[in-house]
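Structure file upload-v8.pdb (PDB, C-alpha atoms) follows.
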ATOM      1  CA  GLY A  12      31.828  91.020 169.562
ATOM      2  CA  LEU A  13      31.266  94.374 167.804
ATOM      3  CA  PHE A  14      27.526  94.128 168.428
ATOM      4  CA  ALA A  15      27.581  92.389 171.835
ATOM      5  CA  PRO A  16      25.355  94.039 174.468
ATOM      6  CA  GLU A  17      28.024  93.711 177.162
ATOM      7  CA  HIS A  18      30.250  96.105 175.169
ATOM      8  CA  LYS A  19      27.648  98.885 175.056
ATOM      9  CA  LYS A  20      28.593 101.999 177.029
ATOM     10  CA  PRO A  21      25.983 103.599 179.318
ATOM     11  CA  LEU A  22      24.526 106.892 178.214
ATOM     12  CA  PRO A  23      24.870 109.958 180.446
ATOM     13  CA  SER A  24      21.663 111.112 182.132
ATOM     14  CA  TYR A  25      22.488 114.796 181.724
ATOM     15  CA  PRO A  26      24.884 115.404 178.812
ATOM     16  CA  PHE A  27      26.319 118.915 178.775
ATOM     17  CA  SER A  28      28.600 118.382 175.766
ATOM     18  CA  ILE A  29      27.181 116.681 172.680
ATOM     19  CA  GLY A  30      29.080 115.922 169.480
ATOM     20  CA  LEU A  31      26.882 115.859 166.364
ATOM     21  CA  ILE A  32      28.208 114.037 163.317
ATOM     22  CA  THR A  33      25.944 114.582 160.313
ATOM     23  CA  GLY A  34      25.624 116.208 156.928
ATOM     24  CA  LYS A  35      26.047 119.953 156.630
ATOM     25  CA  ASN A  36      22.795 121.887 156.193
ATOM     26  CA  THR A  37      20.598 118.778 156.109
ATOM     27  CA  ALA A  38      17.088 118.215 157.411
ATOM     28  CA  ALA A  39      18.462 115.639 159.879
ATOM     29  CA  ARG A  40      20.877 118.235 161.298
ATOM     30  CA  SER A  41      18.124 120.809 161.600
ATOM     31  CA  ASP A  42      15.749 118.332 163.288
ATOM     32  CA  VAL A  43      18.379 117.271 165.829
ATOM     33  CA  LEU A  44      19.411 120.833 166.689
ATOM     34  CA  THR A  45      15.775 121.937 167.033
ATOM     35  CA  THR A  46      14.962 118.953 169.255
ATOM     36  CA  LEU A  47      18.019 119.464 171.469
ATOM     37  CA  GLN A  48      17.317 123.200 171.805
ATOM     38  CA  ARG A  49      13.733 122.476 172.861
ATOM     39  CA  ARG A  50      14.500 119.560 175.198
ATOM     40  CA  TRP A  51      17.927 120.342 176.672
ATOM     41  CA  PRO A  52      19.096 123.871 175.812
ATOM     42  CA  VAL A  53      21.822 123.750 178.490
ATOM     43  CA  ALA A  54      23.988 121.421 176.384
ATOM     44  CA  ALA A  55      26.759 122.670 174.149
ATOM     45  CA  VAL A  56      26.520 121.021 170.728
ATOM     46  CA  THR A  57      29.645 120.752 168.592
ATOM     47  CA  GLU A  58      29.033 119.882 164.961
ATOM     48  CA  TYR A  59      31.247 117.686 162.806
ATOM     49  CA  PRO A  60      29.891 118.048 159.257
ATOM     50  CA  VAL A  61      30.523 115.095 156.950
ATOM     51  CA  LEU A  62      29.296 113.645 153.694
ATOM     52  CA  VAL A  63      26.579 111.111 154.531
ATOM     53  CA  GLN A  64      26.529 109.249 151.230
ATOM     54  CA  GLY A  65      28.940 108.516 148.432
ATOM     55  CA  THR A  66      32.338 106.907 148.158
ATOM     56  CA  GLU A  67      34.122 109.438 150.400
ATOM     57  CA  SER A  68      31.525 109.480 153.179
ATOM     58  CA  ALA A  69      32.540 106.451 155.264
ATOM     59  CA  GLY A  70      36.107 107.761 155.593
ATOM     60  CA  GLN A  71      34.885 111.233 156.545
ATOM     61  CA  ILE A  72      32.528 109.789 159.148
ATOM     62  CA  VAL A  73      35.330 107.677 160.648
ATOM     63  CA  ARG A  74      37.649 110.700 160.928
ATOM     64  CA  ALA A  75      34.893 112.892 162.401
ATOM     65  CA  LEU A  76      34.010 110.232 164.989
ATOM     66  CA  GLN A  77      37.646 109.919 166.021
ATOM     67  CA  LYS A  78      38.012 113.707 166.303
ATOM     68  CA  ALA A  79      34.772 113.992 168.288
ATOM     69  CA  ASP A  80      35.819 111.117 170.553
ATOM     70  CA  ASP A  81      39.078 112.906 171.354
ATOM     71  CA  SER A  82      37.211 116.129 172.195
ATOM     72  CA  GLY A  83      35.786 115.008 175.540
ATOM     73  CA  HIS A  84      32.061 115.072 174.749
ATOM     74  CA  ASP A  85      29.587 113.358 177.052
ATOM     75  CA  VAL A  86      27.820 111.666 174.129
ATOM     76  CA  LEU A  87      27.992 111.554 170.335
ATOM     77  CA  LEU A  88      25.141 111.514 167.825
ATOM     78  CA  LEU A  89      25.634 110.054 164.345
ATOM     79  CA  VAL A  90      22.580 110.910 162.269
ATOM     80  CA  ARG A  91      21.366 110.902 158.703
ATOM     81  CA  GLY A  92      17.887 111.165 157.244
ATOM     82  CA  GLY A  93      16.229 108.451 155.211
ATOM     83  CA  GLY A  94      17.089 107.258 151.771
ATOM     84  CA  SER A  95      17.500 104.151 149.707
ATOM     85  CA  ILE A  96      19.726 101.316 150.890
ATOM     86  CA  GLU A  97      22.341 102.610 148.448
ATOM     87  CA  ASP A  98      22.151 106.071 150.043
ATOM     88  CA  LEU A  99      22.717 104.552 153.491
ATOM     89  CA  TRP A 100      25.480 102.163 152.387
ATOM     90  CA  SER A 101      28.275 104.220 153.984
ATOM     91  CA  PHE A 102      26.853 103.192 157.360
ATOM     92  CA  ASN A 103      27.494  99.531 156.512
ATOM     93  CA  ASP A 104      31.260 100.043 156.287
ATOM     94  CA  GLU A 105      33.411  97.641 158.338
ATOM     95  CA  THR A 106      35.999 100.286 159.254
ATOM     96  CA  LEU A 107      33.180 102.506 160.491
ATOM     97  CA  ALA A 108      31.795  99.667 162.629
ATOM     98  CA  ARG A 109      35.216  99.003 164.153
ATOM     99  CA  THR A 110      35.716 102.730 164.810
ATOM    100  CA  ILE A 111      32.332 102.923 166.564
ATOM    101  CA  TYR A 112      33.248  99.910 168.698
ATOM    102  CA  ALA A 113      36.561 101.531 169.713
ATOM    103  CA  LEU A 114      35.047 104.872 170.778
ATOM    104  CA  LYS A 115      35.489 105.923 174.410
ATOM    105  CA  THR A 116      32.418 108.178 174.175
ATOM    106  CA  PRO A 117      28.902 106.675 174.055
ATOM    107  CA  LEU A 118      27.339 106.877 170.592
ATOM    108  CA  ILE A 119      23.696 107.039 169.526
ATOM    109  CA  THR A 120      22.829 106.498 165.878
ATOM    110  CA  GLY A 121      19.741 107.805 164.141
ATOM    111  CA  VAL A 122      20.235 106.710 160.559
ATOM    112  CA  GLY A 123      17.370 106.645 158.100
ATOM    113  CA  HIS A 124      13.790 105.931 159.020
ATOM    114  CA  GLU A 125      12.300 103.506 161.545
ATOM    115  CA  THR A 126      12.619 100.455 159.287
ATOM    116  CA  ASP A 127      16.232 101.147 158.237
ATOM    117  CA  PHE A 128      19.017  99.229 159.979
ATOM    118  CA  THR A 129      22.738  99.518 159.245
ATOM    119  CA  ILE A 130      25.835  97.912 160.640
ATOM    120  CA  ALA A 131      26.644 101.231 162.354
ATOM    121  CA  ASP A 132      23.350 100.928 164.274
ATOM    122  CA  PHE A 133      24.322  97.509 165.593
ATOM    123  CA  ALA A 134      27.809  98.690 166.620
ATOM    124  CA  ALA A 135      26.497 101.844 168.335
ATOM    125  CA  ASP A 136      25.681 101.980 172.029
ATOM    126  CA  LEU A 137      22.085 102.836 171.164
ATOM    127  CA  ARG A 138      20.128 102.853 167.913
ATOM    128  CA  ALA A 139      17.311 105.371 167.569
ATOM    129  CA  PRO A 140      14.700 104.967 164.817
ATOM    130  CA  THR A 141      15.263 108.476 163.354
ATOM    131  CA  PRO A 142      17.577 111.483 163.785
ATOM    132  CA  THR A 143      14.939 113.205 165.932
ATOM    133  CA  GLY A 144      14.622 110.025 167.996
ATOM    134  CA  ALA A 145      18.386 110.075 168.551
ATOM    135  CA  ALA A 146      18.181 113.624 169.927
ATOM    136  CA  GLU A 147      15.269 112.625 172.179
ATOM    137  CA  ARG A 148      17.150 109.609 173.544
ATOM    138  CA  CYS A 149      20.327 111.650 174.004
ATOM    139  CA  ALA A 150      18.987 114.316 176.327
ATOM    140  CA  PRO A 151      16.263 114.643 178.942
ATOM    141  CA  ASP A 152      13.443 117.141 178.653
ATOM    142  CA  ILE A 153      14.458 120.146 180.747
ATOM    143  CA  ARG A 154      10.837 120.638 181.864
ATOM    144  CA  ASP A 155      10.874 117.184 183.468
ATOM    145  CA  VAL A 156      14.208 117.871 185.152
ATOM    146  CA  THR A 157      13.131 121.249 186.522
ATOM    147  CA  GLY A 158       9.847 119.688 187.687
ATOM    148  CA  ARG A 159      11.790 117.062 189.644
ATOM    149  CA  ILE A 160      14.058 119.727 191.120
ATOM    150  CA  ASP A 161      10.991 121.722 192.176
ATOM    151  CA  GLN A 162       9.532 118.594 193.840
ATOM    152  CA  PHE A 163      12.821 118.000 195.676
ATOM    153  CA  GLY A 164      12.765 121.616 196.837
ATOM    154  CA  VAL A 165       9.237 121.275 198.210
ATOM    155  CA  ARG A 166      10.139 118.022 199.989
ATOM    156  CA  LEU A 167      13.351 119.517 201.369
ATOM    157  CA  SER A 168      11.521 122.609 202.601
ATOM    158  CA  GLY A 169       8.904 120.419 204.273
ATOM    159  CA  ALA A 170      11.570 118.280 205.907
ATOM    160  CA  VAL A 171      13.454 121.350 207.210
ATOM    161  CA  SER A 172      10.210 122.867 208.556
ATOM    162  CA  ALA A 173       9.271 119.625 210.272
ATOM    163  CA  ARG A 174      12.742 119.326 211.806
ATOM    164  CA  MET A 175      12.689 122.931 213.013
ATOM    165  CA  SER A 176       9.245 122.438 214.567
ATOM    166  CA  ALA A 177      10.456 119.315 216.342
ATOM    167  CA  GLU A 178      13.527 121.161 217.644
ATOM    168  CA  ARG A 179      11.377 124.081 218.848
ATOM    169  CA  ARG A 180       9.141 121.643 220.729
ATOM    170  CA  HIS A 181      12.221 120.034 222.241
ATOM    171  CA  ILE A 182      13.632 123.424 223.343
ATOM    172  CA  ASP A 183      10.231 124.403 224.778
ATOM    173  CA  ALA A 184      10.103 121.125 226.705
ATOM    174  CA  ILE A 185      13.573 121.737 228.111
ATOM    175  CA  ARG A 186      12.642 125.284 229.155
ATOM    176  CA  ARG A 187       9.536 124.039 231.015
TER     177      ARG A 187
END

For this file, produce the structure as structure tokens.
Amino acid sequence: GLFAPEHKKPLPSYPFSIGLITGKNTAARSDVLTTLQRRWPVAAVTEYPVLVQGTESAGQIVRALQKADDSGHDVLLLVRGGGSIEDLWSFNDETLARTIYALKTPLITGVGHETDFTIADFAADLRAPTPTGAAERCAPDIRDVTGRIDQFGVRLSGAVSARMSAERRHIDAIRR
């Protein structure tokens, strides 16, 4: 049941606290931070740097996920840039998959390139094709959100004006 769709947690529409688990000073980290800053600069991003390949990496990722999960974030991102299947092997670790399944916080993975799939991707609540894709799926574009708010404001203003006009007509009718 680790991969079952009914166990997937819903993603928040407007995450204000994002936990980022990735390699320190990597292109994937830079891409995610740049994308989040452009799309949703109102979110606080907490980084959990880990090794993303090698014999120690799976254990570091597990510990970072557990720490991030206990920190009350709205959503977590687990990302790593592309590489060979050997480079991505840490993301095929059974303990990592079970840790992902047990998280209370929704998790999006963006591991490798579009054609790469790992066990972590299947256990995650959402798999994005790349680290940048994970950041895009994690957060809305603030321009879209502010555009919708502006539209609501125009509609609300119109509704208030229409109601006030109707009430004025009613008062005028009572006075006559």

Please report, as JSON lines, each residue of segment 67-117 of chain A lying at most 12 Å from segment 147-166 of chain A, together with the nearest pair of atoms and the separation in Å rounded to one decimal; use all atoms listed in the file, and order rows by chain and ascending residue number.
{"residue": "A:Asp85", "atom": "CA", "partner": "A:Cys149", "partner_atom": "CA", "distance": 9.9}
{"residue": "A:Val86", "atom": "CA", "partner": "A:Cys149", "partner_atom": "CA", "distance": 7.5}
{"residue": "A:Leu87", "atom": "CA", "partner": "A:Cys149", "partner_atom": "CA", "distance": 8.5}
{"residue": "A:Leu88", "atom": "CA", "partner": "A:Cys149", "partner_atom": "CA", "distance": 7.8}
{"residue": "A:Leu89", "atom": "CA", "partner": "A:Cys149", "partner_atom": "CA", "distance": 11.1}
{"residue": "A:Val90", "atom": "CA", "partner": "A:Cys149", "partner_atom": "CA", "distance": 12.0}
{"residue": "A:Pro117", "atom": "CA", "partner": "A:Cys149", "partner_atom": "CA", "distance": 9.9}

Give as a list in words every residue, naming chains and numbers as the document does, that has an atom within 8 Å of (28.7, 113.4, 159.2), counting only C-alpha atoms. Leu31, Ile32, Thr33, Gly34, Lys35, Tyr59, Pro60, Val61, Leu62, Val63, Ser68, Gln71, Ile72, Ala75, Leu89, Val90 and Arg91 of chain A

Return as an mmCIF file with C-alpha atoms, keeping the file's coordinate frame the set of residues that the PyMOL selection byres ((chain A and resi 138) around 7) yields on the displayed structure.
data_model
loop_
_atom_site.group_PDB
_atom_site.id
_atom_site.type_symbol
_atom_site.label_atom_id
_atom_site.label_comp_id
_atom_site.auth_asym_id
_atom_site.auth_seq_id
_atom_site.Cartn_x
_atom_site.Cartn_y
_atom_site.Cartn_z
ATOM 1 C CA ILE A 119 23.696 107.039 169.526
ATOM 2 C CA THR A 120 22.829 106.498 165.878
ATOM 3 C CA GLY A 121 19.741 107.805 164.141
ATOM 4 C CA ASP A 132 23.350 100.928 164.274
ATOM 5 C CA ALA A 135 26.497 101.844 168.335
ATOM 6 C CA ASP A 136 25.681 101.980 172.029
ATOM 7 C CA LEU A 137 22.085 102.836 171.164
ATOM 8 C CA ALA A 139 17.311 105.371 167.569
ATOM 9 C CA PRO A 140 14.700 104.967 164.817
#

How big is the axis-aligned box around the listed atoms of segment 35-41 of chain A once 5 Å is added on each side, and where is its centre? Give both in Å to one decimal, as JSON.
{"center_x": 21.6, "center_y": 118.8, "center_z": 158.9, "size_x": 19.0, "size_y": 16.2, "size_z": 15.5}

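Residue nearest Pro52 of chain A, chosen from A:Leu99, A:Lys78, A:Thr66, A:Phe27 and counting all atoms listed in the file: A:Phe27.
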
Please determine, counting all atoms listed in the file, which residue among A:Thr129, A:Leu76, A:Glu17, A:Ser95 has the shortest atom-to-atom distance to Ala113 of chain A.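 Ranking A:Thr129, A:Leu76, A:Glu17, A:Ser95 by distance to Ala113 of chain A, first place goes to A:Leu76.
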
Going by the chain IDs and residue numbers used in this file, which residues fall under the PyMOL selection byres ((chain A and resi 41) around 12)? Write them as number ranges by chain. A: 31, 33-40, 42-48, 58, 90-92, 142-143, 146

Rank nothing, just name the residue among A:Gly65, A:Val122, A:Ile182, A:Val56 nearest to Glu97 of chain A, using only C-alpha atoms.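 Among A:Gly65, A:Val122, A:Ile182, A:Val56, it is A:Gly65 that comes nearest to Glu97 of chain A.
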
Expanded to explicit residues, what is the PyMOL selection byres ((chain A and resi 105-112) around 8) for this file, as a compact mmCIF listing (two decimals) with C-alpha atoms, in the frame of the given file?
# COMPACT_ATOMS: atom_id res chain seq x y z
CA LEU A 13 31.27 94.37 167.80
CA ALA A 69 32.54 106.45 155.26
CA GLY A 70 36.11 107.76 155.59
CA ILE A 72 32.53 109.79 159.15
CA VAL A 73 35.33 107.68 160.65
CA LEU A 76 34.01 110.23 164.99
CA GLN A 77 37.65 109.92 166.02
CA PHE A 102 26.85 103.19 157.36
CA ASN A 103 27.49 99.53 156.51
CA ASP A 104 31.26 100.04 156.29
CA ALA A 113 36.56 101.53 169.71
CA LEU A 114 35.05 104.87 170.78
CA LEU A 118 27.34 106.88 170.59
CA ILE A 130 25.84 97.91 160.64
CA ALA A 131 26.64 101.23 162.35
CA ALA A 134 27.81 98.69 166.62
CA ALA A 135 26.50 101.84 168.34

Excluding Thr126 of chain A and residues on its chain fewer than 2 positions from it, collect all residues at most 10 Å away from it, counting all atoms listed in the file, and give them as a PDB file with C-alpha atoms, in the frame of the given file.
ATOM      1  CA  GLY A  93      16.229 108.451 155.211  1.00  0.00           C
ATOM      2  CA  VAL A 122      20.235 106.710 160.559  1.00  0.00           C
ATOM      3  CA  GLY A 123      17.370 106.645 158.100  1.00  0.00           C
ATOM      4  CA  HIS A 124      13.790 105.931 159.020  1.00  0.00           C
ATOM      5  CA  PHE A 128      19.017  99.229 159.979  1.00  0.00           C
ATOM      6  CA  PRO A 140      14.700 104.967 164.817  1.00  0.00           C
ATOM      7  CA  THR A 141      15.263 108.476 163.354  1.00  0.00           C
TER       8      THR A 141
END

Taking into account only C-alpha atoms, which residue in the set A:Ala145, A:Ala184, A:Ala79, A:Ala173 is nearest to Thr116 of chain A?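 For Thr116 of chain A, the nearest of the candidates is A:Ala79.
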